[in-house]
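J.: Sharing work00.txt, compact mmCIF, C-alpha atoms:
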```
# COMPACT_ATOMS: atom_id res chain seq x y z
CA MET U 1 0.00 0.00 0.00
CA SER U 2 1.92 2.96 -1.31
CA ASN U 3 -0.44 5.60 0.03
CA LEU U 4 0.07 4.73 3.70
CA GLY U 5 1.04 7.47 6.10
CA THR U 6 4.35 7.40 7.95
CA LEU U 7 4.59 6.94 11.72
CA TYR U 8 7.12 9.33 13.24
CA GLY U 9 8.56 8.98 16.73
CA LEU U 10 9.37 12.60 17.40
CA GLY U 11 11.63 13.61 20.29
CA VAL U 12 10.81 17.13 21.55
CA GLY U 13 13.60 17.38 24.09
CA PRO U 14 13.94 17.31 27.88
CA GLY U 15 11.77 20.28 28.84
CA ASP U 16 13.16 23.58 27.58
CA PRO U 17 11.00 24.31 24.49
CA GLU U 18 14.07 25.68 22.65
CA LEU U 19 15.77 22.29 22.86
CA ILE U 20 13.85 20.91 19.89
CA THR U 21 15.50 20.11 16.58
CA VAL U 22 14.78 21.91 13.32
CA LYS U 23 13.65 18.59 11.83
CA ALA U 24 11.22 17.92 14.68
CA PHE U 25 9.85 21.44 14.28
CA ARG U 26 9.32 20.94 10.52
CA LEU U 27 7.52 17.62 11.01
CA LEU U 28 5.26 19.05 13.70
CA LYS U 29 4.17 21.62 11.13
CA GLU U 30 3.75 19.08 8.33
CA CYS U 31 2.08 16.11 10.03
CA PRO U 32 -1.72 16.36 10.05
CA VAL U 33 -2.03 14.04 13.06
CA ILE U 34 -0.15 14.52 16.33
CA ALA U 35 -0.32 11.75 18.90
CA TYR U 36 0.87 12.24 22.45
CA PRO U 37 0.98 10.27 25.68
CA ARG U 38 -1.96 11.37 27.80
CA LYS U 39 -1.77 11.25 31.56
CA LYS U 40 -4.78 10.47 33.66
CA ARG U 41 -6.40 12.94 36.06
CA GLY U 42 -6.26 15.72 33.49
CA ALA U 43 -2.53 16.43 33.84
CA LYS U 44 -0.97 17.78 30.68
CA SER U 45 1.59 15.63 28.90
CA TYR U 46 5.12 17.04 29.16
CA ALA U 47 5.65 16.46 25.44
CA LEU U 48 2.29 18.02 24.56
CA ALA U 49 3.08 21.20 26.51
CA ILE U 50 6.18 21.69 24.32
CA THR U 51 4.31 20.77 21.13
CA GLU U 52 1.55 23.32 21.75
CA LEU U 53 4.10 26.13 21.61
CA TYR U 54 4.94 25.25 18.01
CA VAL U 55 1.67 24.22 16.38
CA ASN U 56 -1.92 25.37 16.35
CA THR U 57 -3.60 22.29 17.80
CA GLU U 58 -6.97 23.37 16.40
CA GLN U 59 -5.56 22.84 12.92
CA LYS U 60 -4.34 19.33 13.72
CA GLU U 61 -5.97 16.05 14.59
CA MET U 62 -4.77 15.58 18.17
CA MET U 63 -4.68 12.02 19.51
CA GLY U 64 -4.27 11.60 23.25
CA LEU U 65 -3.07 8.05 23.83
CA THR U 66 -3.48 6.60 27.32
CA PHE U 67 -0.97 3.98 28.34
CA PRO U 68 -2.12 1.82 31.26
CA MET U 69 0.10 1.75 34.34
CA THR U 70 -0.56 -1.87 35.21
CA ARG U 71 1.20 -5.22 35.20
CA ASP U 72 -1.98 -7.04 34.19
CA LYS U 73 -0.91 -8.57 30.87
CA GLU U 74 -4.42 -8.99 29.54
CA ALA U 75 -5.40 -5.39 30.32
CA LEU U 76 -2.14 -4.16 28.77
CA GLU U 77 -2.67 -6.17 25.60
CA ILE U 78 -6.24 -4.91 25.16
CA GLN U 79 -5.24 -1.26 25.64
CA TRP U 80 -2.16 -1.50 23.44
CA THR U 81 -4.13 -3.19 20.65
CA LYS U 82 -6.67 -0.35 20.78
CA THR U 83 -3.86 2.23 20.71
CA VAL U 84 -2.10 0.67 17.73
CA GLU U 85 -5.35 0.34 15.79
CA SER U 86 -6.35 3.95 16.50
CA VAL U 87 -3.02 5.13 15.05
CA TRP U 88 -3.38 2.71 12.13
CA ALA U 89 -6.79 4.19 11.32
CA HIS U 90 -5.05 7.45 10.43
CA LEU U 91 -2.08 5.88 8.65
CA VAL U 92 -4.31 3.79 6.38
CA GLN U 93 -5.96 7.03 5.20
CA GLY U 94 -2.54 8.21 4.04
CA LYS U 95 -2.05 10.60 6.96
CA ASP U 96 1.35 10.93 8.62
CA VAL U 97 1.25 10.60 12.40
CA ALA U 98 3.82 12.27 14.66
CA PHE U 99 3.99 10.62 18.08
CA VAL U 100 5.66 13.22 20.31
CA THR U 101 7.75 12.12 23.25
CA GLU U 102 9.90 13.93 25.76
CA GLY U 103 13.64 13.40 25.35
CA ASP U 104 14.64 10.94 22.64
CA PRO U 105 12.14 8.45 21.17
CA MET U 106 14.62 5.57 21.25
CA ILE U 107 15.66 5.88 24.91
CA TYR U 108 13.16 4.38 27.39
CA SER U 109 10.25 5.85 25.47
CA THR U 110 6.63 4.74 25.02
CA TYR U 111 7.19 5.12 21.29
CA ILE U 112 9.49 2.07 21.27
CA HIS U 113 6.63 -0.25 22.21
CA LEU U 114 4.22 1.47 19.83
CA MET U 115 6.74 1.06 16.97
CA ARG U 116 7.29 -2.63 17.75
CA LEU U 117 3.58 -3.44 17.93
CA MET U 118 2.87 -1.48 14.75
CA ASN U 119 5.64 -3.43 12.99
CA GLU U 120 4.03 -6.69 14.15
CA SER U 121 0.43 -5.76 13.29
CA HIS U 122 1.08 -3.69 10.17
CA PRO U 123 4.61 -4.37 8.88
CA GLU U 124 3.90 -2.30 5.77
CA VAL U 125 3.95 0.89 7.86
CA LYS U 126 7.12 2.95 7.64
CA ALA U 127 8.22 4.02 11.13
CA VAL U 128 10.80 6.79 11.39
CA SER U 129 12.50 7.99 14.57
CA ILE U 130 13.53 11.65 14.87
CA PRO U 131 16.21 11.95 17.57
CA GLY U 132 15.73 14.37 20.42
CA ILE U 133 17.91 15.76 23.19
CA SER U 134 17.49 13.48 26.19
CA SER U 135 17.43 14.42 29.85
CA ILE U 136 20.73 12.53 30.10
CA ASN U 137 22.46 14.94 27.71
CA ALA U 138 20.70 17.91 29.24
CA SER U 139 21.77 16.97 32.77
CA ALA U 140 25.44 16.93 31.81
CA SER U 141 25.12 20.41 30.36
CA ARG U 142 23.18 21.80 33.32
CA LEU U 143 25.72 20.38 35.79
CA GLY U 144 28.76 21.30 33.69
CA ILE U 145 29.96 17.71 34.14
CA PRO U 146 31.26 15.66 31.19
CA LEU U 147 29.62 12.25 31.16
CA ALA U 148 32.56 10.59 29.44
CA ASP U 149 36.01 11.61 28.27
CA GLY U 150 38.78 9.68 26.56
CA ASP U 151 38.45 5.97 27.32
CA GLU U 152 35.99 6.40 30.18
CA GLN U 153 32.85 4.31 30.38
CA ILE U 154 29.36 5.58 30.98
CA ALA U 155 26.23 3.63 31.92
CA ILE U 156 22.55 4.56 31.76
CA VAL U 157 20.79 2.51 34.41
CA PRO U 158 17.14 2.41 35.54
CA ALA U 159 17.32 2.69 39.33
CA VAL U 160 15.78 -0.35 41.06
CA ASP U 161 15.40 -1.58 44.61
CA ASP U 162 18.51 -3.77 44.48
CA TYR U 163 21.49 -2.58 46.53
CA ASP U 164 24.03 -4.95 44.98
CA LYS U 165 23.01 -4.18 41.39
CA MET U 166 23.14 -0.41 41.97
CA ARG U 167 26.50 -0.64 43.74
CA LYS U 168 27.96 -2.79 40.96
CA ALA U 169 26.85 -0.27 38.31
CA ILE U 170 28.79 2.49 40.07
CA GLU U 171 31.83 0.33 40.75
CA GLU U 172 32.14 -0.81 37.13
CA HIS U 173 31.77 2.56 35.37
CA ASP U 174 33.38 5.98 35.50
CA CYS U 175 29.99 7.67 35.28
CA VAL U 176 26.46 6.39 35.79
CA VAL U 177 23.20 8.16 35.00
CA PHE U 178 20.45 6.56 37.08
CA ILE U 179 17.00 7.27 35.67
CA LYS U 180 13.68 6.80 37.53
CA VAL U 181 15.56 7.31 40.78
CA ALA U 182 12.72 8.89 42.79
CA LYS U 183 11.32 5.68 44.27
CA VAL U 184 14.68 4.38 45.52
CA ILE U 185 16.44 7.58 46.56
CA ASP U 186 17.15 6.35 50.11
CA LEU U 187 18.69 3.13 48.83
CA MET U 188 20.84 5.09 46.37
CA LEU U 189 22.07 7.35 49.17
CA SER U 190 23.01 4.27 51.17
CA VAL U 191 25.04 2.92 48.24
CA LEU U 192 26.80 6.27 47.77
CA ARG U 193 27.68 6.51 51.47
CA ASP U 194 29.12 3.00 51.53
CA LEU U 195 31.26 3.81 48.47
CA GLY U 196 32.31 7.20 49.84
CA LEU U 197 30.85 8.90 46.77
CA VAL U 198 28.08 11.10 48.19
CA ASN U 199 29.95 14.21 47.04
CA LYS U 200 30.24 12.78 43.51
CA ALA U 201 26.50 12.62 42.90
CA SER U 202 23.91 15.16 41.74
CA VAL U 203 20.16 14.82 41.34
CA LEU U 204 17.99 16.66 38.81
CA THR U 205 14.21 16.84 38.36
CA LYS U 206 12.49 17.94 35.13
CA VAL U 207 15.83 19.16 33.79
CA THR U 208 15.81 22.35 31.65
CA SER U 209 12.08 22.90 32.20
CA SER U 210 10.54 25.79 34.13
CA GLU U 211 10.07 23.32 37.02
CA GLU U 212 13.69 22.18 37.08
CA GLU U 213 15.31 21.43 40.44
CA ILE U 214 18.94 20.52 41.01
CA TRP U 215 20.52 19.09 44.15
CA ARG U 216 24.29 18.95 44.39
CA ASN U 217 24.12 18.05 48.09
CA VAL U 218 22.17 14.82 47.70
CA GLU U 219 22.07 14.14 51.45
CA GLU U 220 19.23 16.69 51.52
CA LEU U 221 17.06 14.15 49.73
CA GLN U 222 16.96 11.51 52.48
CA GLY U 223 13.31 10.54 52.95
CA ARG U 224 12.09 13.04 50.35
CA GLU U 225 9.35 12.38 47.84
CA LEU U 226 10.57 13.29 44.38
CA GLU U 227 8.92 13.75 40.99
CA TYR U 228 8.89 10.78 38.61
CA LEU U 229 11.09 12.64 36.09
CA THR U 230 14.14 12.61 38.35
CA LEU U 231 17.60 11.27 37.62
CA MET U 232 20.93 11.00 39.40
CA VAL U 233 24.38 11.50 37.89
CA VAL U 234 27.30 9.82 39.65
CA ARG U 235 30.67 10.89 38.24
CA LYS U 236 33.72 9.39 39.94
```
What is this file in structure tokens?
T.:
Amino acid sequence: MSNLGTLYGLGVGPGDPELITVKAFRLLKECPVIAYPRKKRGAKSYALAITELYVNTEQKEMMGLTFPMTRDKEALEIQWTKTVESVWAHLVQGKDVAFVTEGDPMIYSTYIHLMRLMNESHPEVKAVSIPGISSINASASRLGIPLADGDEQIAIVPAVDDYDKMRKAIEEHDCVVFIKVAKVIDLMLSVLRDLGLVNKASVLTKVTSSEEEIWRNVEELQGRELEYLTLMVVRK
């Protein structure tokens, strides 16, 4: 089917609206359909807030896609099937769909799963990823800390409730960026203390956005509740 629309995974950056690429900007203007991850309880999607600064949403078909936060496989499969088919309904009409995502679409993004399922259900669809500036890159710039230099090794690690795994990640790399660190901040502080590296860590929330917060003294975070979009940089 030659008249199918293209599915774009479009990274709109970490939060600062100016950190969007020229290519992403052009495609936002050109694509008739813009899909975005929709949060429940009426909260505005981070990616949508950036997108709205660049396009007139009344002139676009806006698709809010809800992604279930559940481990129930059956519920997940039903919702994801509905999501893929709703996007397909536009693509089959020859309309390009831009799925906007914060950061980069190929780093821990909802788009990855959407792309995979679309490839399985409708392999004839062309899926194109447009790279974006990730919170990982942005954090290095905001802190003025190089993530890697020369032969140094860097790791990007989802923070989990596993002391040994988190400790090993730090021990084996020159620099580690721990994402999704909010839920295990006390455990991470414990690891840092035991390694004598508390003063080598920084924590950032919603980096580059108007709600950005940076902690260079991470001990202040003991027992604190942090936003979901929080990461920790440990640079030895």
J.: Give me the residues near Trp80 (chain U) as a list in words, where near means some atom within 10 Å (using all atoms listed in the file) and where sequence neighbours in that chain fewer than 5 positions away do not count.
T.: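 Neighbouring residues, sequence-local ones excluded: Leu65, Thr66, Phe67, Pro68, Glu74, Ala75, Glu85, Ser86, His113, Leu114 and Leu117 of chain U.
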J.: Mind pulling up the distance from CA of Met106 (chain U) to CA of Leu76 (chain U)?
T.: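 If I compute the distance from CA of Leu76 (chain U) to CA of Met106 (chain U), I get 20.8 Å.
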J.: In Å, how far is it from CA of Leu7 (chain U) to CA of Thr21 (chain U)?
T.: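 Atom-to-atom, CA of Leu7 (chain U) to CA of Thr21 (chain U), that is 17.8 Å.
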J.: Using only C-alpha atoms, which of the listed residues (U:Leu10, U:Leu189, U:Gly94, U:Leu48) sits closest to Pro32 (chain U)?
T.: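 Once distances to Pro32 (chain U) are computed over only C-alpha atoms, the minimum belongs to U:Gly94.
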J.: Go through U:Gln222, U:Thr57, U:Asn3, U:Ser45 and flag the residue nearest Val33 (chain U), using all atoms listed in the file for the distances.
T.: U:Thr57
J.: Restricting the calculation to all atoms listed in the file, which member of U:Arg224, U:Arg216, U:Arg235, U:Lys200 is positioned closest to Asp186 (chain U)?
T.: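 Distance minimum relative to Asp186 (chain U) lands on U:Arg224.
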J.: To one decimal in Å, tell me the separation between CA of Gly150 (chain U) and CA of Glu171 (chain U).
T.: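 Rounded to one decimal, the two atoms are 18.4 Å apart.
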J.: Using only C-alpha atoms, which protein or nucleic acid residues come within 12 Å of region 143-146 of chain U? Drop anything in the same chain fewer than 5 positions from it, and give the result as a compact mmCIF listing (two decimals) with C-alpha atoms, in the frame of the given file.
T.:
```
# COMPACT_ATOMS: atom_id res chain seq x y z
CA SER U 135 17.43 14.42 29.85
CA ILE U 136 20.73 12.53 30.10
CA ASN U 137 22.46 14.94 27.71
CA ALA U 138 20.70 17.91 29.24
CA GLU U 152 35.99 6.40 30.18
CA GLN U 153 32.85 4.31 30.38
CA ILE U 154 29.36 5.58 30.98
CA ASP U 174 33.38 5.98 35.50
CA CYS U 175 29.99 7.67 35.28
CA VAL U 176 26.46 6.39 35.79
CA VAL U 177 23.20 8.16 35.00
CA LYS U 200 30.24 12.78 43.51
CA ALA U 201 26.50 12.62 42.90
CA SER U 202 23.91 15.16 41.74
CA VAL U 203 20.16 14.82 41.34
CA LEU U 204 17.99 16.66 38.81
CA VAL U 207 15.83 19.16 33.79
CA THR U 208 15.81 22.35 31.65
CA GLU U 213 15.31 21.43 40.44
CA ILE U 214 18.94 20.52 41.01
CA TRP U 215 20.52 19.09 44.15
CA ARG U 216 24.29 18.95 44.39
CA MET U 232 20.93 11.00 39.40
CA VAL U 233 24.38 11.50 37.89
CA VAL U 234 27.30 9.82 39.65
CA ARG U 235 30.67 10.89 38.24
CA LYS U 236 33.72 9.39 39.94
```
J.: Restricting the calculation to all atoms listed in the file: of U:Glu102, U:Glu58, U:Asp96, U:Glu212, which residue gets closest to Ile20 (chain U)?
T.: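 Checking each of U:Glu102, U:Glu58, U:Asp96, U:Glu212 against Ile20 (chain U), counting all atoms listed in the file, the winner is U:Glu102.
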J.: When you look at Gly103 (chain U) with a cut-off of 6 Å (counting all atoms listed in the file), what residues show up, excluding the ones that are within fewer than 2 positions of it in the same chain? I need them as a VMD selection string.
T.: chain U and resid 11 13 to 14 132 to 135
J.: Ala35 (chain U): which residues within 6 Å, counting all atoms listed in the file, same-chain residues fewer than 2 positions away excluded, as a list in words?
T.: Met62, Met63, Gly64, Ala98 and Phe99 of chain U
J.: Which is closer to Tyr228 (chain U) than all the others in U:Ala24, U:Ile185, U:Leu53, U:Val87, using only C-alpha atoms?
T.: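 Comparing U:Ala24, U:Ile185, U:Leu53, U:Val87 against Tyr228 (chain U), the winner is U:Ile185.
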J.: Which one is closest to Ala127 (chain U): U:Leu19, U:Ile156, U:Leu221, U:Ile112? Count only C-alpha atoms.
T.: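 Closest residue, counting only C-alpha atoms: U:Ile112.
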